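What follows is a single structure, written as structure tokens, with notes after it.
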Amino acid sequence: MIINGIRRLIGALAVVATPSLLFPQFLEPLPGRASAAATPNKTMTIEIWSDVVCPFCYIGKREFEAALARFPNKDEVTVVWKSFELDPNAPQRSEYDMYGMLSSRYGISRSEAQARVQGVVDRAKTLGLDYQMDKAIIGSSFDAHRLIQFAKTKGKGAEAEERLFKAYFVDGIHIADHAALTKLGGEVGLDEAEVSAMLATSRFTEEVRADEREAQQIGVRGVPFFVIDRRYGVSGAQHSDHFLGALQQAWRENGGN
């Protein structure tokens, strides 16, 4: 998780030539989606595949939000959160803490794992995120995604996404625990009795799985992954200037001013 994320953060911007100008290329055309000419559109939909146990996803969320706040046409942008599990086979609660999990998965020492995590913590801190990795409880994020899907039906998807990120990375809350999820749902304005009843069933399983199938079809191999109008993608926790450039480029190519 950490290693793949670090790789996604490394890279230079490509530059493509046009007859009269040089534009930084911020967007990745989605396979089979961007070849046709765009229909002029004064709105933009951005879908974000993300996992609430992914440290780079929370960082990417903050960087994207900073870019969107500077985007002149932000009122015409709709953001949709999509489910993605980094580890679909994760147990409800792992025997490992964060450093033990990384040591086991990548064959590195605990001190090496701590050093690598510290770099992520430092990056998060520049964005006002106070990661407490010592407190993070490793486990499945599946039911957290079901909660987000439920919250989306109540117009609270963004609030649930944010609260679950903070619960995991800052508060040390076990986000696979149904009682904890019920309380978190109440904190974002959901009816706790409805949340509890939903979690006791298999509801919203198909919605989570559908998002994950879409990710495979689009070619998403890691998160965060941002899809603009189903034509272009931006991968990784890019800096806000990169996200702003992507928004401006997509808006321009969609016929916006």
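Order determines the names: the first chain of the structure tokens is A, the second B, and so forth; residues in each chain are numbered 1 upward, and ligands are numbered 1 upward as they are shown.
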
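Omitting stretch 164-169 of chain A and its sequence neighbours fewer than 4 positions away, and counting only C-alpha atoms, the residues within 9 Å are Asp51, Val52, Val53, Cys54, Pro55, Cys57, Tyr58, Leu129, Asp130, Tyr131, Gln132, Met133, Lys135, Ala136, Ile137, Ile138, Ala144, Ile148, Glu159, Ala160, Ile173, His174, Ile175, Leu181 and Leu184 of chain A.
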
Please save N, CA and C atoms of the selected residues as a JSON list (two decimals), in the first residue's frame.
[["chain", "number", "residue", "atom", "x", "y", "z"],
["A", 51, "ASP", "N", -10.10, 4.30, -1.05],
["A", 51, "ASP", "CA", -10.32, 3.42, 0.10],
["A", 51, "ASP", "C", -10.01, 4.22, 1.36],
["A", 52, "VAL", "N", -10.88, 4.12, 2.34],
["A", 52, "VAL", "CA", -10.71, 4.93, 3.56],
["A", 52, "VAL", "C", -9.58, 4.44, 4.45],
["A", 53, "VAL", "N", -8.91, 3.34, 4.08],
["A", 53, "VAL", "CA", -7.72, 2.91, 4.80],
["A", 53, "VAL", "C", -6.46, 3.18, 3.98],
["A", 54, "CYS", "N", -6.59, 3.97, 2.94],
["A", 54, "CYS", "CA", -5.45, 4.32, 2.07],
["A", 54, "CYS", "C", -4.94, 5.71, 2.46],
["A", 55, "PRO", "N", -3.71, 5.79, 2.99],
["A", 55, "PRO", "CA", -3.21, 7.11, 3.44],
["A", 55, "PRO", "C", -3.08, 8.12, 2.32],
["A", 57, "CYS", "N", -5.03, 8.28, -0.24],
["A", 57, "CYS", "CA", -6.37, 8.71, -0.65],
["A", 57, "CYS", "C", -6.83, 9.93, 0.16],
["A", 58, "TYR", "N", -6.55, 9.94, 1.45],
["A", 58, "TYR", "CA", -6.92, 11.09, 2.29],
["A", 58, "TYR", "C", -6.08, 12.30, 1.89],
["A", 129, "LEU", "N", -3.39, 17.38, 8.08],
["A", 129, "LEU", "CA", -3.87, 16.08, 8.53],
["A", 129, "LEU", "C", -2.89, 15.51, 9.55],
["A", 130, "ASP", "N", -3.39, 15.21, 10.72],
["A", 130, "ASP", "CA", -2.54, 14.73, 11.81],
["A", 130, "ASP", "C", -2.64, 13.22, 11.93],
["A", 131, "TYR", "N", -1.97, 12.51, 11.01],
["A", 131, "TYR", "CA", -2.03, 11.04, 11.01],
["A", 131, "TYR", "C", -1.46, 10.49, 12.31],
["A", 132, "GLN", "N", -2.19, 9.57, 12.91],
["A", 132, "GLN", "CA", -1.75, 8.87, 14.11],
["A", 132, "GLN", "C", -1.63, 7.39, 13.76],
["A", 133, "MET", "N", -0.57, 7.03, 13.06],
["A", 133, "MET", "CA", -0.44, 5.68, 12.55],
["A", 133, "MET", "C", -0.27, 4.64, 13.65],
["A", 135, "LYS", "N", -2.03, 4.44, 16.18],
["A", 135, "LYS", "CA", -3.37, 4.12, 16.67],
["A", 135, "LYS", "C", -4.23, 3.40, 15.64],
["A", 136, "ALA", "N", -3.80, 3.36, 14.39],
["A", 136, "ALA", "CA", -4.62, 2.79, 13.32],
["A", 136, "ALA", "C", -4.88, 1.31, 13.57],
["A", 137, "ILE", "N", -6.14, 0.91, 13.46],
["A", 137, "ILE", "CA", -6.53, -0.49, 13.65],
["A", 137, "ILE", "C", -6.72, -1.11, 12.26],
["A", 138, "ILE", "N", -5.85, -2.04, 11.93],
["A", 138, "ILE", "CA", -5.84, -2.65, 10.60],
["A", 138, "ILE", "C", -6.98, -3.66, 10.48],
["A", 144, "ALA", "N", -17.33, -0.27, 5.94],
["A", 144, "ALA", "CA", -17.22, 1.19, 5.86],
["A", 144, "ALA", "C", -17.68, 1.67, 4.49],
["A", 148, "ILE", "N", -20.78, 4.19, 3.41],
["A", 148, "ILE", "CA", -20.68, 5.33, 2.49],
["A", 148, "ILE", "C", -21.74, 5.22, 1.40],
["A", 159, "GLU", "N", -19.70, 13.55, 3.38],
["A", 159, "GLU", "CA", -19.50, 13.68, 4.82],
["A", 159, "GLU", "C", -19.04, 12.35, 5.43],
["A", 160, "ALA", "N", -19.64, 11.25, 4.96],
["A", 160, "ALA", "CA", -19.25, 9.94, 5.46],
["A", 160, "ALA", "C", -17.82, 9.60, 5.07],
["A", 173, "ILE", "N", -10.11, 4.70, 15.34],
["A", 173, "ILE", "CA", -11.37, 3.97, 15.50],
["A", 173, "ILE", "C", -11.38, 2.74, 14.60],
["A", 174, "HIS", "N", -11.91, 1.65, 15.12],
["A", 174, "HIS", "CA", -11.98, 0.41, 14.36],
["A", 174, "HIS", "C", -13.16, 0.49, 13.40],
["A", 175, "ILE", "N", -12.88, 0.79, 12.14],
["A", 175, "ILE", "CA", -13.96, 1.08, 11.20],
["A", 175, "ILE", "C", -14.60, -0.17, 10.60],
["A", 181, "LEU", "N", -19.21, 2.08, 13.48],
["A", 181, "LEU", "CA", -19.76, 2.61, 12.24],
["A", 181, "LEU", "C", -21.12, 3.26, 12.46],
["A", 184, "LEU", "N", -20.49, 6.63, 13.96],
["A", 184, "LEU", "CA", -19.94, 7.53, 12.96],
["A", 184, "LEU", "C", -21.03, 7.99, 11.98]]

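Proximity of A:Lys152, A:Arg110, A:Arg70, A:Arg93 to A:Gln248, computed with only C-alpha atoms, is greatest for A:Arg70.
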
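Among the candidates A:Val117, A:Ala151, A:Ala69, A:Leu27, the one nearest to A:Glu187 when counting only C-alpha atoms is A:Ala151.
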
Exercise. Measuring atom to atom with only C-alpha atoms, identify which of A:Ala66, A:Val188, A:Ile59, A:Ile108 is nearest to A:Leu247.
Key: A:Ala66

Exercise. Mind listing the strand (DSSP E or B) residues of stretch 209-254 of chain A, per DSSP on the backbone, as a ChimeraX atom specification?
Key: /A:225-228,232-235

Could you save the residues just selected, with N, CA and C atoms, as a compact mmCIF listing (two decimals), in the first residue's frame?
# COMPACT_ATOMS: atom_id res chain seq x y z
N PHE A 225 -7.89 7.39 -7.53
CA PHE A 225 -7.98 7.54 -8.98
C PHE A 225 -9.19 8.41 -9.29
N PHE A 226 -8.95 9.47 -10.04
CA PHE A 226 -9.96 10.49 -10.33
C PHE A 226 -10.36 10.37 -11.80
N VAL A 227 -11.64 10.21 -12.06
CA VAL A 227 -12.15 10.08 -13.43
C VAL A 227 -13.02 11.29 -13.75
N ILE A 228 -12.69 11.98 -14.82
CA ILE A 228 -13.41 13.20 -15.20
C ILE A 228 -14.29 12.92 -16.40
N TYR A 232 -11.38 11.01 -18.94
CA TYR A 232 -9.99 11.21 -18.54
C TYR A 232 -9.78 10.76 -17.11
N GLY A 233 -8.55 10.40 -16.79
CA GLY A 233 -8.20 10.01 -15.44
C GLY A 233 -7.01 10.78 -14.92
N VAL A 234 -6.94 10.90 -13.61
CA VAL A 234 -5.76 11.43 -12.91
C VAL A 234 -5.48 10.45 -11.79
N SER A 235 -4.30 9.87 -11.76
CA SER A 235 -3.99 8.85 -10.77
C SER A 235 -3.07 9.40 -9.69

Quiz item: From the list A:Arg209, A:Lys61, A:His239, A:Lys125, which residue is nearest A:Val79 when using only C-alpha atoms?
Solution: A:Lys61

Quiz prompt | From A:Met101, A:Gly222, A:Glu65, A:Pro29, residue lying nearest A:Glu162 [only C-alpha atoms] | solution = A:Glu65

Quiz item: Tell me, which residues of stretch 69-240 of chain A carry DSSP alpha helix (DSSP H), written as a count of residues only?
Solution: 85

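Here atom CA of A:Gly236 stands at a distance of 15.9 Å from atom CA of A:Gly119.
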
Quiz item: So, counting only C-alpha atoms, which residue among A:Arg221, A:Leu244, A:Val121, A:Phe26 is closest to A:Pro72?
Solution: A:Leu244

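Within 12 Å of A:Glu192, once only C-alpha atoms are used and residues closer than 2 positions along the same chain are dropped, the contacting residues are Leu147, Phe150, Ala151, His178, Ala179, Ala180, Leu181, Thr182, Lys183, Leu184, Gly185, Gly186, Glu187, Val188, Gly189, Leu190, Glu194, Val195, Ser196, Ala197, Met198 and Leu199 of chain A.
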
Go ahead and write the selection's residues with N, CA and C atoms as a PDB file, in the first residue's frame.
ATOM      1  N   LEU A 147     -21.370   1.614   4.372  1.00  0.00           N
ATOM      2  CA  LEU A 147     -21.910   2.793   5.051  1.00  0.00           C
ATOM      3  C   LEU A 147     -21.869   4.013   4.136  1.00  0.00           C
ATOM      4  N   PHE A 150     -24.621   3.768   1.620  1.00  0.00           N
ATOM      5  CA  PHE A 150     -25.892   4.119   2.262  1.00  0.00           C
ATOM      6  C   PHE A 150     -25.989   5.634   2.444  1.00  0.00           C
ATOM      7  N   ALA A 151     -24.908   6.239   2.909  1.00  0.00           N
ATOM      8  CA  ALA A 151     -24.897   7.687   3.124  1.00  0.00           C
ATOM      9  C   ALA A 151     -25.154   8.443   1.828  1.00  0.00           C
ATOM     10  N   HIS A 178     -19.238  -2.660  13.819  1.00  0.00           N
ATOM     11  CA  HIS A 178     -20.552  -2.128  13.491  1.00  0.00           C
ATOM     12  C   HIS A 178     -21.021  -1.061  14.466  1.00  0.00           C
ATOM     13  N   ALA A 179     -20.706  -1.236  15.733  1.00  0.00           N
ATOM     14  CA  ALA A 179     -21.108  -0.219  16.712  1.00  0.00           C
ATOM     15  C   ALA A 179     -20.405   1.101  16.429  1.00  0.00           C
ATOM     16  N   ALA A 180     -19.118   1.025  16.081  1.00  0.00           N
ATOM     17  CA  ALA A 180     -18.364   2.236  15.759  1.00  0.00           C
ATOM     18  C   ALA A 180     -18.914   2.879  14.495  1.00  0.00           C
ATOM     19  N   LEU A 181     -19.213   2.076  13.480  1.00  0.00           N
ATOM     20  CA  LEU A 181     -19.756   2.614  12.237  1.00  0.00           C
ATOM     21  C   LEU A 181     -21.123   3.259  12.464  1.00  0.00           C
ATOM     22  N   THR A 182     -21.928   2.658  13.315  1.00  0.00           N
ATOM     23  CA  THR A 182     -23.244   3.234  13.613  1.00  0.00           C
ATOM     24  C   THR A 182     -23.095   4.617  14.232  1.00  0.00           C
ATOM     25  N   LYS A 183     -22.175   4.729  15.169  1.00  0.00           N
ATOM     26  CA  LYS A 183     -21.940   6.025  15.814  1.00  0.00           C
ATOM     27  C   LYS A 183     -21.406   7.047  14.810  1.00  0.00           C
ATOM     28  N   LEU A 184     -20.489   6.625  13.959  1.00  0.00           N
ATOM     29  CA  LEU A 184     -19.941   7.532  12.955  1.00  0.00           C
ATOM     30  C   LEU A 184     -21.030   7.987  11.983  1.00  0.00           C
ATOM     31  N   GLY A 185     -21.919   7.069  11.628  1.00  0.00           N
ATOM     32  CA  GLY A 185     -23.038   7.441  10.768  1.00  0.00           C
ATOM     33  C   GLY A 185     -23.900   8.512  11.411  1.00  0.00           C
ATOM     34  N   GLY A 186     -24.154   8.363  12.708  1.00  0.00           N
ATOM     35  CA  GLY A 186     -24.926   9.378  13.415  1.00  0.00           C
ATOM     36  C   GLY A 186     -24.243  10.724  13.428  1.00  0.00           C
ATOM     37  N   GLU A 187     -22.908  10.719  13.491  1.00  0.00           N
ATOM     38  CA  GLU A 187     -22.158  11.971  13.537  1.00  0.00           C
ATOM     39  C   GLU A 187     -22.268  12.762  12.239  1.00  0.00           C
ATOM     40  N   VAL A 188     -22.532  12.084  11.128  1.00  0.00           N
ATOM     41  CA  VAL A 188     -22.663  12.809   9.857  1.00  0.00           C
ATOM     42  C   VAL A 188     -24.120  13.064   9.498  1.00  0.00           C
ATOM     43  N   GLY A 189     -25.024  12.781  10.431  1.00  0.00           N
ATOM     44  CA  GLY A 189     -26.427  13.126  10.208  1.00  0.00           C
ATOM     45  C   GLY A 189     -27.327  11.995   9.770  1.00  0.00           C
ATOM     46  N   LEU A 190     -26.827  10.757   9.818  1.00  0.00           N
ATOM     47  CA  LEU A 190     -27.662   9.613   9.485  1.00  0.00           C
ATOM     48  C   LEU A 190     -28.396   9.115  10.727  1.00  0.00           C
ATOM     49  N   GLU A 194     -31.217   3.270  11.566  1.00  0.00           N
ATOM     50  CA  GLU A 194     -31.186   2.834  10.171  1.00  0.00           C
ATOM     51  C   GLU A 194     -29.809   2.297   9.798  1.00  0.00           C
ATOM     52  N   VAL A 195     -28.762   2.954  10.289  1.00  0.00           N
ATOM     53  CA  VAL A 195     -27.400   2.490  10.004  1.00  0.00           C
ATOM     54  C   VAL A 195     -27.181   1.107  10.598  1.00  0.00           C
ATOM     55  N   SER A 196     -27.574   0.938  11.852  1.00  0.00           N
ATOM     56  CA  SER A 196     -27.402  -0.341  12.527  1.00  0.00           C
ATOM     57  C   SER A 196     -28.156  -1.451  11.813  1.00  0.00           C
ATOM     58  N   ALA A 197     -29.384  -1.164  11.403  1.00  0.00           N
ATOM     59  CA  ALA A 197     -30.188  -2.164  10.700  1.00  0.00           C
ATOM     60  C   ALA A 197     -29.569  -2.510   9.357  1.00  0.00           C
ATOM     61  N   MET A 198     -29.045  -1.515   8.657  1.00  0.00           N
ATOM     62  CA  MET A 198     -28.411  -1.758   7.366  1.00  0.00           C
ATOM     63  C   MET A 198     -27.178  -2.649   7.525  1.00  0.00           C
ATOM     64  N   LEU A 199     -26.350  -2.345   8.510  1.00  0.00           N
ATOM     65  CA  LEU A 199     -25.116  -3.097   8.708  1.00  0.00           C
ATOM     66  C   LEU A 199     -25.381  -4.548   9.080  1.00  0.00           C
TER      67      LEU A 199
END

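When atom CA of A:Ala237 is paired with atom CA of A:Arg116, their separation reads 16.3 Å.
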